[in-house]
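Raw contents of final_32.cif, mmCIF, C-alpha atoms and all ligand atoms:
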data_protein
loop_
_atom_site.label_atom_id
_atom_site.label_comp_id
_atom_site.auth_asym_id
_atom_site.auth_seq_id
_atom_site.Cartn_x
_atom_site.Cartn_y
_atom_site.Cartn_z
CA MET A 1 -51.18 -13.79 -26.72
CA ARG A 2 -51.96 -17.16 -28.30
CA THR A 3 -55.22 -17.49 -30.19
CA TYR A 4 -56.66 -20.69 -31.59
CA GLN A 5 -59.58 -21.77 -33.71
CA GLY A 6 -61.61 -24.93 -34.01
CA GLY A 7 -61.50 -27.21 -37.07
CA ARG A 8 -58.80 -29.45 -38.49
CA THR A 9 -57.75 -26.92 -41.14
CA PHE A 10 -56.47 -24.65 -38.39
CA ALA A 11 -54.26 -27.48 -37.08
CA GLU A 12 -53.00 -28.26 -40.57
CA GLU A 13 -52.04 -24.63 -41.09
CA LYS A 14 -50.20 -24.59 -37.77
CA ASP A 15 -48.22 -27.65 -38.87
CA GLN A 16 -47.32 -25.95 -42.14
CA GLN A 17 -45.98 -22.92 -40.26
CA ASP A 18 -44.10 -25.01 -37.69
CA VAL A 19 -40.33 -24.42 -37.94
CA LEU A 20 -39.66 -27.68 -36.08
CA ALA A 21 -42.01 -29.84 -38.17
CA HIS A 22 -39.10 -31.51 -39.99
CA LEU A 23 -37.84 -33.07 -36.74
CA ARG A 24 -40.68 -35.60 -36.81
CA GLU A 25 -38.88 -37.30 -39.73
CA HIS A 26 -36.14 -38.33 -37.31
CA PHE A 27 -38.50 -40.53 -35.32
CA TYR A 28 -40.19 -43.88 -35.69
CA THR A 29 -43.79 -42.75 -35.56
CA LYS A 30 -46.75 -44.92 -36.54
CA GLU A 31 -49.35 -44.01 -39.11
CA ASN A 32 -52.39 -44.61 -36.93
CA GLN A 33 -50.98 -43.79 -33.55
CA ILE A 34 -51.02 -40.56 -31.56
CA TYR A 35 -48.10 -40.73 -29.15
CA MET A 36 -48.68 -38.59 -26.07
CA ASP A 37 -46.39 -40.42 -23.66
CA GLY A 38 -42.99 -38.92 -24.39
CA ASN A 39 -42.91 -37.70 -20.78
CA SER A 40 -42.67 -41.36 -19.73
CA LEU A 41 -40.68 -42.82 -22.60
CA GLY A 42 -39.72 -40.80 -25.65
CA LEU A 43 -39.96 -42.37 -29.10
CA CYS A 44 -36.99 -44.00 -30.77
CA SER A 45 -35.21 -41.80 -33.31
CA LYS A 46 -33.26 -43.01 -36.33
CA ASP A 47 -30.34 -41.08 -34.88
CA ALA A 48 -30.45 -43.04 -31.59
CA GLU A 49 -30.79 -46.28 -33.51
CA ALA A 50 -27.82 -45.44 -35.74
CA ALA A 51 -25.61 -44.58 -32.77
CA VAL A 52 -26.50 -47.82 -30.95
CA LEU A 53 -25.86 -49.87 -34.10
CA ARG A 54 -22.56 -48.08 -34.61
CA ALA A 55 -21.51 -48.89 -31.04
CA LEU A 56 -22.42 -52.53 -31.61
CA GLU A 57 -20.41 -52.55 -34.83
CA ASP A 58 -17.49 -50.92 -33.03
CA TRP A 59 -17.61 -53.61 -30.37
CA LYS A 60 -17.69 -56.30 -33.07
CA THR A 61 -14.80 -54.73 -34.94
CA HIS A 62 -12.56 -53.43 -32.21
CA GLY A 63 -13.15 -55.61 -29.13
CA ILE A 64 -11.29 -54.15 -26.17
CA ASN A 65 -9.88 -51.42 -28.40
CA ILE A 66 -13.33 -49.88 -28.49
CA TRP A 67 -12.38 -47.83 -25.43
CA THR A 68 -9.36 -45.94 -26.62
CA GLY A 69 -8.94 -46.66 -30.33
CA ALA A 70 -8.39 -43.59 -32.48
CA GLU A 71 -11.71 -44.15 -34.29
CA THR A 72 -13.75 -44.96 -31.21
CA ASN A 73 -12.49 -43.57 -27.89
CA TYR A 74 -15.55 -44.55 -25.86
CA PHE A 75 -13.38 -44.00 -22.78
CA LEU A 76 -14.34 -40.31 -22.88
CA TYR A 77 -17.84 -40.82 -24.25
CA HIS A 78 -19.56 -39.47 -21.12
CA ASP A 79 -17.68 -36.17 -21.46
CA VAL A 80 -18.69 -35.87 -25.11
CA ILE A 81 -22.35 -36.51 -24.29
CA GLY A 82 -22.21 -34.27 -21.22
CA ALA A 83 -21.07 -31.39 -23.42
CA LYS A 84 -23.96 -31.97 -25.82
CA ILE A 85 -26.50 -31.88 -22.99
CA ALA A 86 -24.77 -28.85 -21.45
CA ARG A 87 -25.68 -26.83 -24.56
CA LEU A 88 -29.36 -27.58 -23.95
CA ILE A 89 -29.30 -26.22 -20.39
CA HIS A 90 -26.71 -23.44 -20.79
CA ALA A 91 -24.28 -25.13 -18.46
CA GLU A 92 -20.55 -25.41 -19.10
CA PRO A 93 -19.50 -28.64 -20.84
CA GLU A 94 -17.41 -29.73 -17.84
CA GLU A 95 -20.41 -29.34 -15.52
CA VAL A 96 -22.49 -32.13 -17.08
CA THR A 97 -21.95 -35.84 -17.22
CA VAL A 98 -24.02 -38.96 -17.85
CA CYS A 99 -23.97 -41.90 -15.46
CA GLY A 100 -26.17 -44.29 -13.50
CA ASN A 101 -29.87 -43.62 -13.24
CA THR A 102 -31.81 -40.78 -11.67
CA THR A 103 -32.20 -42.60 -8.38
CA MET A 104 -28.49 -43.41 -8.10
CA ASN A 105 -27.68 -39.82 -8.96
CA VAL A 106 -29.91 -38.66 -6.10
CA HIS A 107 -27.87 -40.96 -3.85
CA GLN A 108 -24.67 -39.53 -5.28
CA CYS A 109 -25.74 -35.93 -4.76
CA ILE A 110 -26.97 -36.45 -1.22
CA ALA A 111 -23.78 -38.34 -0.37
CA THR A 112 -21.78 -35.46 -1.85
CA PHE A 113 -23.63 -32.35 -0.79
CA TRP A 114 -25.28 -33.26 2.50
CA GLN A 115 -22.68 -32.57 5.16
CA PRO A 116 -24.79 -32.25 8.32
CA THR A 117 -23.59 -30.43 11.40
CA GLU A 118 -25.20 -30.20 14.84
CA GLU A 119 -26.98 -26.98 13.88
CA LYS A 120 -27.51 -27.38 10.15
CA TYR A 121 -28.59 -30.86 9.16
CA ARG A 122 -32.12 -30.91 7.77
CA ILE A 123 -33.07 -31.74 4.19
CA VAL A 124 -36.07 -30.07 2.56
CA ILE A 125 -38.05 -32.06 0.01
CA ASP A 126 -41.66 -31.74 -1.13
CA ALA A 127 -44.66 -34.01 -0.80
CA LEU A 128 -45.29 -34.17 -4.55
CA ASN A 129 -41.96 -35.22 -6.02
CA PHE A 130 -41.63 -38.61 -7.67
CA PRO A 131 -41.25 -41.04 -4.74
CA THR A 132 -37.88 -42.51 -5.71
CA ASP A 133 -36.17 -39.23 -4.76
CA ARG A 134 -37.63 -39.45 -1.28
CA TYR A 135 -36.74 -43.13 -0.94
CA ALA A 136 -33.14 -42.38 -1.89
CA VAL A 137 -32.85 -39.38 0.45
CA THR A 138 -34.41 -41.33 3.32
CA SER A 139 -32.02 -44.23 2.90
CA GLN A 140 -29.04 -41.87 2.67
CA ILE A 141 -30.04 -40.33 6.01
CA ALA A 142 -30.47 -43.76 7.61
CA SER A 143 -27.12 -44.93 6.24
CA ARG A 144 -25.44 -42.18 8.27
CA GLY A 145 -27.08 -43.46 11.45
CA MET A 146 -29.56 -40.56 11.62
CA ASP A 147 -33.33 -40.62 11.94
CA PRO A 148 -35.06 -39.65 8.66
CA GLU A 149 -38.05 -38.38 10.64
CA GLN A 150 -35.81 -35.86 12.40
CA VAL A 151 -33.91 -34.84 9.30
CA LEU A 152 -36.47 -34.67 6.51
CA LYS A 153 -38.61 -31.59 6.24
CA VAL A 154 -41.41 -32.32 3.79
CA VAL A 155 -43.21 -29.31 2.33
CA GLU A 156 -46.86 -30.18 1.79
CA SER A 157 -49.01 -29.00 -1.08
CA ARG A 158 -51.94 -26.71 -0.28
CA ASP A 159 -54.15 -28.07 -3.06
CA GLY A 160 -52.74 -31.56 -3.50
CA LYS A 161 -51.43 -30.66 -6.97
CA THR A 162 -49.00 -27.81 -6.79
CA LEU A 163 -46.39 -26.35 -4.49
CA ASP A 164 -46.41 -22.80 -3.20
CA GLU A 165 -42.94 -21.32 -3.57
CA GLU A 166 -43.55 -19.21 -0.46
CA ASP A 167 -43.96 -22.44 1.52
CA LEU A 168 -40.75 -23.84 0.04
CA ILE A 169 -38.84 -20.71 0.98
CA ALA A 170 -40.41 -20.58 4.45
CA ALA A 171 -39.12 -24.13 5.00
CA MET A 172 -35.54 -22.96 4.41
CA THR A 173 -34.85 -22.30 8.06
CA GLU A 174 -31.53 -22.03 9.93
CA ASP A 175 -31.33 -25.77 10.54
CA VAL A 176 -31.62 -26.68 6.85
CA ALA A 177 -28.48 -27.85 5.04
CA LEU A 178 -29.87 -28.99 1.69
CA VAL A 179 -32.93 -28.72 -0.57
CA LEU A 180 -33.94 -31.18 -3.29
CA LEU A 181 -36.90 -30.30 -5.52
CA PRO A 182 -38.26 -31.21 -8.94
CA SER A 183 -38.04 -28.70 -11.79
CA VAL A 184 -41.44 -29.80 -13.11
CA LEU A 185 -43.86 -31.87 -11.01
CA TYR A 186 -44.50 -35.24 -12.61
CA ARG A 187 -48.24 -35.21 -12.08
CA SER A 188 -49.45 -31.60 -12.33
CA ALA A 189 -46.65 -30.31 -14.62
CA GLN A 190 -46.06 -27.30 -12.38
CA LEU A 191 -42.73 -25.65 -13.23
CA LEU A 192 -40.91 -24.20 -10.26
CA ASP A 193 -38.91 -20.97 -10.41
CA MET A 194 -35.53 -22.59 -9.93
CA LYS A 195 -33.63 -19.32 -9.96
CA ARG A 196 -35.78 -17.80 -7.25
CA LEU A 197 -35.53 -20.90 -5.07
CA THR A 198 -31.78 -21.13 -5.57
CA LYS A 199 -31.35 -17.49 -4.60
CA ALA A 200 -33.43 -18.01 -1.48
CA ALA A 201 -31.49 -21.14 -0.50
CA HIS A 202 -28.09 -19.56 -1.05
CA ALA A 203 -29.07 -16.45 0.91
CA ARG A 204 -29.57 -18.81 3.86
CA GLY A 205 -26.37 -20.80 3.37
CA ILE A 206 -28.26 -23.82 2.00
CA LEU A 207 -27.24 -25.99 -0.96
CA ILE A 208 -29.94 -26.76 -3.50
CA GLY A 209 -30.42 -29.21 -6.36
CA PHE A 210 -33.19 -30.19 -8.77
CA ASP A 211 -34.60 -33.30 -10.41
CA LEU A 212 -35.00 -32.36 -14.09
CA CYS A 213 -36.69 -35.58 -15.26
CA HIS A 214 -39.73 -33.70 -16.55
CA SER A 215 -37.92 -30.77 -18.12
CA ILE A 216 -34.64 -31.92 -19.66
CA GLY A 217 -34.87 -31.73 -23.43
CA ASN A 218 -38.09 -29.74 -23.29
CA ILE A 219 -37.50 -26.60 -21.23
CA ASP A 220 -34.93 -23.95 -22.05
CA HIS A 221 -33.17 -23.96 -18.68
CA ASP A 222 -30.36 -21.48 -18.18
CA PHE A 223 -28.10 -23.03 -15.61
CA ALA A 224 -25.57 -20.21 -15.87
CA ASP A 225 -28.32 -17.99 -14.52
CA ILE A 226 -30.05 -20.45 -12.15
CA ASP A 227 -26.70 -21.28 -10.54
CA CYS A 228 -28.00 -24.13 -8.36
CA ASP A 229 -25.51 -26.55 -6.85
CA PHE A 230 -26.46 -29.79 -8.58
CA ALA A 231 -29.13 -31.38 -10.75
CA LEU A 232 -29.95 -34.88 -11.96
CA TRP A 233 -32.34 -36.36 -14.49
CA CYS A 234 -33.26 -39.29 -16.67
CA ASN A 235 -32.62 -39.16 -20.41
CA TYR A 236 -35.48 -41.41 -21.49
CA LYS A 237 -38.40 -38.96 -21.41
CA TYR A 238 -38.44 -35.82 -23.64
CA LEU A 239 -34.84 -36.46 -24.65
CA SER A 240 -35.69 -39.89 -26.10
CA GLY A 241 -32.41 -41.56 -25.10
CA GLY A 242 -34.00 -45.03 -24.86
CA PRO A 243 -35.74 -47.18 -22.24
CA GLY A 244 -33.72 -46.97 -19.01
CA ALA A 245 -31.13 -44.75 -20.74
CA ILE A 246 -28.09 -43.68 -18.77
CA ALA A 247 -29.00 -40.64 -16.66
CA GLY A 248 -27.63 -37.12 -16.34
CA LEU A 249 -25.85 -35.17 -13.64
CA TYR A 250 -24.97 -31.48 -13.33
CA ILE A 251 -22.38 -30.34 -10.81
CA ASN A 252 -21.84 -26.60 -10.51
CA ARG A 253 -18.15 -26.00 -11.17
CA ARG A 254 -17.68 -24.26 -7.82
CA HIS A 255 -18.01 -27.74 -6.29
CA PHE A 256 -15.43 -29.54 -8.42
CA GLY A 257 -12.92 -29.47 -5.56
CA ARG A 258 -15.34 -31.25 -3.25
CA GLY A 259 -15.08 -34.69 -4.89
CA PRO A 260 -17.88 -37.24 -5.02
CA GLY A 261 -19.63 -38.69 -1.98
CA LEU A 262 -19.65 -42.05 -3.75
CA ALA A 263 -16.34 -42.66 -5.45
CA GLY A 264 -15.40 -45.16 -8.13
CA TRP A 265 -12.57 -45.70 -10.59
CA TRP A 266 -14.48 -44.32 -13.57
CA GLY A 267 -14.53 -40.95 -11.79
CA ASN A 268 -10.77 -40.94 -11.45
CA ARG A 269 -8.61 -38.52 -13.46
CA LYS A 270 -8.59 -40.00 -16.93
CA ASP A 271 -4.83 -39.69 -17.39
CA THR A 272 -4.06 -41.88 -14.36
CA GLN A 273 -7.16 -44.10 -14.17
CA PHE A 274 -5.45 -47.10 -15.70
CA GLU A 275 -2.48 -46.84 -13.38
CA LEU A 276 -4.95 -48.28 -10.87
CA ARG A 277 -3.41 -46.43 -7.96
CA ASP A 278 -4.42 -47.05 -4.36
CA GLY A 279 -5.68 -43.50 -3.87
CA PHE A 280 -8.64 -42.05 -5.76
CA GLU A 281 -8.03 -38.77 -7.58
CA PRO A 282 -11.32 -37.37 -8.90
CA ALA A 283 -11.41 -35.95 -12.41
CA GLY A 284 -11.55 -32.17 -12.28
CA ASN A 285 -15.00 -31.97 -13.83
CA ALA A 286 -18.46 -33.51 -13.40
CA GLY A 287 -16.90 -36.75 -14.70
CA GLY A 288 -15.38 -37.06 -11.23
CA TRP A 289 -18.85 -38.11 -10.08
CA GLN A 290 -18.79 -41.19 -12.33
CA THR A 291 -18.57 -44.47 -10.40
CA GLY A 292 -18.15 -47.59 -12.56
CA THR A 293 -18.03 -48.34 -16.28
CA GLY A 294 -21.03 -46.91 -18.10
CA SER A 295 -22.98 -49.01 -20.59
CA VAL A 296 -21.73 -48.00 -24.03
CA LEU A 297 -24.94 -49.13 -25.72
CA SER A 298 -26.95 -46.94 -23.39
CA LEU A 299 -24.56 -44.02 -23.81
CA ALA A 300 -24.87 -44.40 -27.58
CA GLY A 301 -28.67 -44.15 -27.43
CA VAL A 302 -28.43 -40.85 -25.60
CA ASP A 303 -25.68 -39.58 -27.89
CA GLY A 304 -27.72 -40.35 -31.02
CA ALA A 305 -30.91 -38.88 -29.54
CA LEU A 306 -29.08 -35.62 -28.90
CA ASN A 307 -28.24 -35.29 -32.60
CA VAL A 308 -31.91 -34.50 -33.19
CA TYR A 309 -31.28 -31.21 -31.36
CA ASP A 310 -28.48 -30.19 -33.73
CA GLY A 311 -29.24 -26.76 -35.14
CA VAL A 312 -32.24 -26.40 -32.84
CA GLU A 313 -32.48 -23.87 -30.03
CA MET A 314 -34.18 -24.93 -26.81
CA THR A 315 -36.20 -21.70 -26.91
CA GLN A 316 -37.82 -23.03 -30.11
CA VAL A 317 -38.57 -26.37 -28.49
CA ARG A 318 -40.06 -24.70 -25.44
CA GLU A 319 -42.14 -22.31 -27.54
CA LYS A 320 -43.63 -25.16 -29.56
CA SER A 321 -44.26 -27.18 -26.41
CA LEU A 322 -46.12 -24.26 -24.82
CA ASP A 323 -48.09 -23.69 -28.01
CA LEU A 324 -49.08 -27.36 -28.43
CA THR A 325 -50.17 -27.66 -24.81
CA ALA A 326 -52.04 -24.33 -24.92
CA TYR A 327 -53.82 -25.53 -28.07
CA LEU A 328 -54.67 -28.80 -26.33
CA MET A 329 -56.12 -26.90 -23.38
CA TYR A 330 -58.09 -24.67 -25.75
CA LEU A 331 -59.61 -27.73 -27.44
CA ILE A 332 -60.37 -29.36 -24.10
CA ASP A 333 -62.11 -26.18 -22.94
CA THR A 334 -64.11 -25.73 -26.12
CA GLU A 335 -64.79 -29.30 -27.28
CA LEU A 336 -64.97 -31.23 -24.02
CA ALA A 337 -66.91 -28.86 -21.77
CA GLY A 338 -69.67 -30.66 -19.92
CA TYR A 339 -68.02 -34.10 -19.89
CA GLY A 340 -66.61 -33.73 -16.38
CA PHE A 341 -62.97 -33.03 -17.28
CA THR A 342 -60.81 -30.55 -15.40
CA ILE A 343 -57.33 -29.35 -16.19
CA GLY A 344 -55.02 -30.10 -13.26
CA ASN A 345 -51.91 -28.26 -14.44
CA PRO A 346 -51.28 -24.53 -13.99
CA ARG A 347 -52.48 -22.47 -16.96
CA GLU A 348 -49.82 -19.74 -17.12
CA ASP A 349 -46.82 -20.39 -19.36
CA ALA A 350 -44.23 -19.41 -16.75
CA VAL A 351 -45.34 -22.10 -14.33
CA ARG A 352 -46.16 -25.10 -16.49
CA GLY A 353 -44.07 -27.80 -18.12
CA GLY A 354 -44.63 -30.01 -21.15
CA HIS A 355 -47.76 -32.01 -20.40
CA VAL A 356 -51.41 -31.42 -19.76
CA ALA A 357 -52.83 -33.11 -16.67
CA LEU A 358 -56.37 -34.00 -17.64
CA GLU A 359 -58.44 -35.03 -14.65
CA HIS A 360 -61.65 -37.03 -14.59
CA PRO A 361 -63.27 -39.35 -12.00
CA GLU A 362 -63.30 -42.10 -14.66
CA ALA A 363 -59.76 -41.32 -15.83
CA ALA A 364 -58.44 -44.90 -15.62
CA ARG A 365 -61.08 -46.33 -17.92
CA ILE A 366 -61.05 -43.34 -20.28
CA ASN A 367 -57.31 -43.89 -20.52
CA GLU A 368 -57.97 -47.52 -21.52
CA ALA A 369 -60.46 -46.45 -24.17
CA LEU A 370 -57.92 -43.96 -25.54
CA LYS A 371 -55.35 -46.73 -25.90
CA VAL A 372 -57.78 -48.94 -27.78
CA ALA A 373 -58.52 -45.99 -30.10
CA GLY A 374 -54.83 -45.62 -31.05
CA VAL A 375 -53.70 -42.96 -28.58
CA VAL A 376 -50.76 -43.58 -26.25
CA PRO A 377 -51.58 -41.57 -23.12
CA ASP A 378 -50.32 -42.03 -19.60
CA PHE A 379 -52.34 -42.55 -16.45
CA ARG A 380 -51.36 -41.46 -12.97
CA TYR A 381 -53.35 -42.69 -10.02
CA PRO A 382 -56.04 -41.84 -9.06
CA ASN A 383 -57.54 -39.56 -11.72
CA VAL A 384 -54.97 -37.99 -14.04
CA ILE A 385 -54.45 -38.66 -17.75
CA ARG A 386 -51.15 -37.08 -18.67
CA LEU A 387 -50.92 -35.92 -22.27
CA ALA A 388 -47.49 -34.83 -23.47
CA PRO A 389 -47.37 -33.48 -27.01
CA VAL A 390 -43.58 -33.68 -27.38
CA PRO A 391 -42.59 -30.88 -29.78
CA LEU A 392 -39.97 -32.97 -31.56
CA TYR A 393 -42.50 -35.34 -33.08
CA VAL A 394 -46.10 -34.46 -32.18
CA ARG A 395 -48.08 -32.41 -34.72
CA TYR A 396 -50.93 -29.96 -34.21
CA VAL A 397 -53.21 -32.34 -36.14
CA ASP A 398 -52.35 -35.06 -33.59
CA VAL A 399 -53.59 -32.79 -30.82
CA TYR A 400 -56.72 -32.00 -32.80
CA ASP A 401 -57.42 -35.67 -33.56
CA LEU A 402 -56.77 -36.69 -29.97
CA VAL A 403 -59.48 -34.37 -28.69
CA GLY A 404 -61.87 -35.67 -31.37
CA ILE A 405 -61.20 -39.24 -30.21
CA LEU A 406 -61.78 -38.22 -26.59
CA LYS A 407 -65.07 -36.61 -27.52
CA THR A 408 -66.22 -39.75 -29.32
CA ILE A 409 -65.23 -41.90 -26.35
CA MET A 410 -67.33 -39.70 -24.07
CA ASP A 411 -70.30 -39.45 -26.47
CA THR A 412 -70.44 -43.22 -27.06
CA GLU A 413 -69.48 -44.08 -23.47
CA ALA A 414 -66.91 -46.46 -24.95
CA TYR A 415 -64.93 -46.16 -21.70
CA MET A 416 -67.69 -48.03 -19.82
CA ALA A 417 -66.37 -51.27 -21.34
CA TYR A 418 -63.30 -51.08 -19.06
CA GLU A 419 -62.74 -51.22 -15.34
CA ASN A 420 -61.84 -47.93 -13.69
CA LYS A 421 -58.48 -49.15 -12.41
CA ALA A 422 -54.87 -48.60 -13.41
CA GLY A 423 -52.65 -50.95 -15.46
CA THR A 424 -49.15 -51.93 -14.39
CA VAL A 425 -47.02 -49.26 -16.09
CA ALA A 426 -48.94 -46.31 -17.46
C1 LIG A 501 -39.23 -36.89 -11.29
C2 LIG A 501 -38.74 -38.29 -11.49
N1 LIG A 501 -37.62 -38.71 -10.86
C3 LIG A 501 -37.17 -39.97 -11.03
C4 LIG A 501 -37.82 -40.87 -11.84
C5 LIG A 501 -37.34 -42.27 -12.04
O1 LIG A 501 -36.06 -42.54 -11.58
P1 LIG A 501 -35.14 -43.59 -12.34
O2 LIG A 501 -34.79 -42.97 -13.65
O3 LIG A 501 -34.01 -43.80 -11.42
O4 LIG A 501 -35.94 -44.84 -12.55
C6 LIG A 501 -38.98 -40.47 -12.51
C7 LIG A 501 -39.68 -41.43 -13.38
O5 LIG A 501 -40.68 -41.20 -13.98
C8 LIG A 501 -39.45 -39.17 -12.32
O6 LIG A 501 -40.57 -38.75 -12.93
#
Spit out the file's structure as structure tokens when you get a sec.
Ligand SMILES: Cc1ncc(COP(=O)(O)O)c(C=O)c1O
Amino acid sequence: MRTYQGGRTFAEEKDQQDVLAHLREHFYTKENQIYMDGNSLGLCSKDAEAAVLRALEDWKTHGINIWTGAETNYFLYHDVIGAKIARLIHAEPEEVTVCGNTTMNVHQCIATFWQPTEEKYRIVIDALNFPTDRYAVTSQIASRGMDPEQVLKVVESRDGKTLDEEDLIAAMTEDVALVLLPSVLYRSAQLLDMKRLTKAAHARGILIGFDLCHSIGNIDHDFADIDCDFALWCNYKYLSGGPGAIAGLYINRRHFGRGPGLAGWWGNRKDTQFELRDGFEPAGNAGGWQTGTGSVLSLAGVDGALNVYDGVEMTQVREKSLDLTAYLMYLIDTELAGYGFTIGNPREDAVRGGHVALEHPEAARINEALKVAGVVPDFRYPNVIRLAPVPLYVRYVDVYDLVGILKTIMDTEAYMAYENKAGTVA
């Protein structure tokens, strides 16, 4: 049972007791800024910077020999990084690779795992997932000459914020071939029970995969236990791999023999890739799902960012994330009652991810006022301010100060100086 108190001293004491407090030193934080947007773009770490600079230096020094030189060997870089990410999600090193972007990896997984037959051809998605997943699935269906309206089965939300797992399971009917769901919903932060859903899908002969964009690097997933068929994610949010960082892909090893739906030479067996044979022979691991040459500078950013996790267990990261967000909700409940805010994310630990979804009818303009006051929040249309206290670099005092700033904004009506409409990015 978590208990909290008011006052800044309480937050300072929490920071002193925090076993992960030292990780903040890895990051470029700013003195007068409270960064709450690591669920959109994580902060730059010195480790990521060093790895990118090293890759640049290697390019300068080695030219073409950057790929296979004894000191560099960037040819196998994606395997090295895949293994580092695998530790975070309890997958096997061969089951994880880094390539493309989230959207392209949705395309890859649908192309690979959706093998429709006359009887079993439908794809279950949900109405709340980030839209790019739906766009990609829809275009995959159309590219096979089928009607997306006939194939897609979209599970609606009952309350407009969360998904009911009973509804998701009820949608897994005889005619369903594949399910694609988010691990954590991008707006309400609801965390789905991936193990339960996987079990239900497999019991019905259905393949299932997840979009981990809002959980990778923050939630202690156990893929050995979840045992889903595939997963994909971006590495630029909690993981702090850099803007537009190369994305991630998990392929359960039982599917290695299947080969990729979208093939390319970078997915070929590494020992014969440069023989440039006519026939494609996929690598016998998740690397077989690579397509073309990955950006080394982008790979380096992700590689360096992962060094921050050295010696850290994901259970510690998750525990701090839950504690910071619970503290934030406590302060919202106690300090901001009566200002018209509601909390739009689930309250129970087992079903919530790493951000708090603060709702208010004037959210867009309150978000603007927060920015002017030195907070970096994130707005999602029409009324949600997402606040993500990323445990790697956000302190308890940041959470305390943030709520104080919000209270001042409401007391002084500072938000009235702005229009109640969204900006271009967040
Ligand atoms: C759940 C989810 N999927 C996908 C994306 C974006 O996809 P991509 O990395 O291909 O731009 C986001 C971006 O915020 C997201 O939240």
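In this comparison, which uses only C-alpha atoms, the residue of A:Ile219, A:Ala48, A:Leu406, A:Ala364 approaching Gly241 of chain A most closely is A:Ala48.
The environment of Val52 of chain A within 8 Å, counting only C-alpha atoms and disregarding residues fewer than 2 places along the same chain, consists of Ala48, Glu49, Ala50, Arg54, Ala55, Leu56, Leu297, Ser298, Ala300, Gly301 and Gly304 of chain A.
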For Val403 of chain A, list every protein, DNA or RNA residue within 9 Å, evaluated using all atoms listed in the file, and leave out those in the same chain fewer than 4 positions away; present the list as JSON, numbers by chain.
{"A": [328, 331, 332, 335, 336, 398, 399, 407, 408]}
Which protein, DNA or RNA residues have an atom at most 8 Å from (-30.4, -39.5, -0.9), counting all atoms listed in the file? List them as a VMD selection string.
chain A and resid 106 to 111 133 to 141
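Within the 7 Å cut-off around segment 276-282 of chain A, using only C-alpha atoms and omitting residues fewer than 3 positions from it on the same chain, the listed residues are A:Gly259, A:Gly267, A:Asn268, A:Arg269, A:Gln273, A:Gly288.
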One decimal place gives the atom CA of Trp265 of chain A-atom CA of Glu95 of chain A separation as 18.8 Å
Selection: 12 Å around Glu348 of chain A, only C-alpha atoms, excl. self and same-chain fewer than 5 positions, as number ranges by chain:
A: 1-2, 189-191, 322-323, 325-326, 329, 353
Based on the selection just made, write C-alpha atoms of those residues as an mmCIF file, in the frame of the given file.
data_model
loop_
_atom_site.group_PDB
_atom_site.id
_atom_site.type_symbol
_atom_site.label_atom_id
_atom_site.label_comp_id
_atom_site.auth_asym_id
_atom_site.auth_seq_id
_atom_site.Cartn_x
_atom_site.Cartn_y
_atom_site.Cartn_z
ATOM 1 C CA MET A 1 -51.180 -13.790 -26.720
ATOM 2 C CA ARG A 2 -51.960 -17.160 -28.300
ATOM 3 C CA ALA A 189 -46.650 -30.310 -14.620
ATOM 4 C CA GLN A 190 -46.060 -27.300 -12.380
ATOM 5 C CA LEU A 191 -42.730 -25.650 -13.230
ATOM 6 C CA LEU A 322 -46.120 -24.260 -24.820
ATOM 7 C CA ASP A 323 -48.090 -23.690 -28.010
ATOM 8 C CA THR A 325 -50.170 -27.660 -24.810
ATOM 9 C CA ALA A 326 -52.040 -24.330 -24.920
ATOM 10 C CA MET A 329 -56.120 -26.900 -23.380
ATOM 11 C CA GLY A 353 -44.070 -27.800 -18.120
#
Go through A:Phe274, A:Tyr393, A:Tyr339, A:Tyr415 and flag the residue nearest Val308 of chain A, using all atoms listed in the file for the distances.
A:Tyr393
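In this model, the gap between atom CA of Gln16 of chain A and atom CA of Cys44 of chain A comes to 23.7 Å.
Minimum atom-to-atom distances from A:Leu370, A:Met104, A:Ile208, A:Leu299 to Arg386 of chain A were compared using all atoms listed in the file, and the lowest value belongs to A:Leu370.
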Can you find the residues with an atom no farther than 10 Å from (-37.9, -34.1, -36.3), counting all atoms listed in the file, and report them as a PyMOL selection string?
chain A and resi 20-27+45+308-309+391-394
Please identify every residue of chain A that has at least one atom no farther than 7 Å from an atom of ligand LIG 501 (chain A), counting only C-alpha atoms and all ligand atoms, and for each give the shortest atom pair and the distance in Å to one decimal, arranged by chain then increasing number, as a Markdown table.
| residue | atom | partner | partner_atom | distance |
| --- | --- | --- | --- | --- |
| A:Ser40 | CA | A:LIG501 | O5 | 6.1 |
| A:Asn101 | CA | A:LIG501 | O3 | 4.5 |
| A:Thr102 | CA | A:LIG501 | O3 | 3.7 |
| A:Thr103 | CA | A:LIG501 | O3 | 3.7 |
| A:Met104 | CA | A:LIG501 | O3 | 6.5 |
| A:Asn129 | CA | A:LIG501 | C1 | 6.2 |
| A:Phe130 | CA | A:LIG501 | C1 | 4.7 |
| A:Thr132 | CA | A:LIG501 | C3 | 5.9 |
| A:Asp133 | CA | A:LIG501 | N1 | 6.3 |
| A:Pro182 | CA | A:LIG501 | C1 | 6.2 |
| A:Leu185 | CA | A:LIG501 | C1 | 6.8 |
| A:Tyr186 | CA | A:LIG501 | O6 | 5.3 |
| A:Asp211 | CA | A:LIG501 | C1 | 5.9 |
| A:Leu212 | CA | A:LIG501 | C1 | 6.8 |
| A:Cys213 | CA | A:LIG501 | C1 | 4.9 |
| A:His214 | CA | A:LIG501 | C1 | 6.2 |
| A:Trp233 | CA | A:LIG501 | N1 | 6.8 |
| A:Cys234 | CA | A:LIG501 | O2 | 5.0 |
| A:Gly244 | CA | A:LIG501 | O2 | 6.8 |
| A:Ala247 | CA | A:LIG501 | O2 | 6.9 |
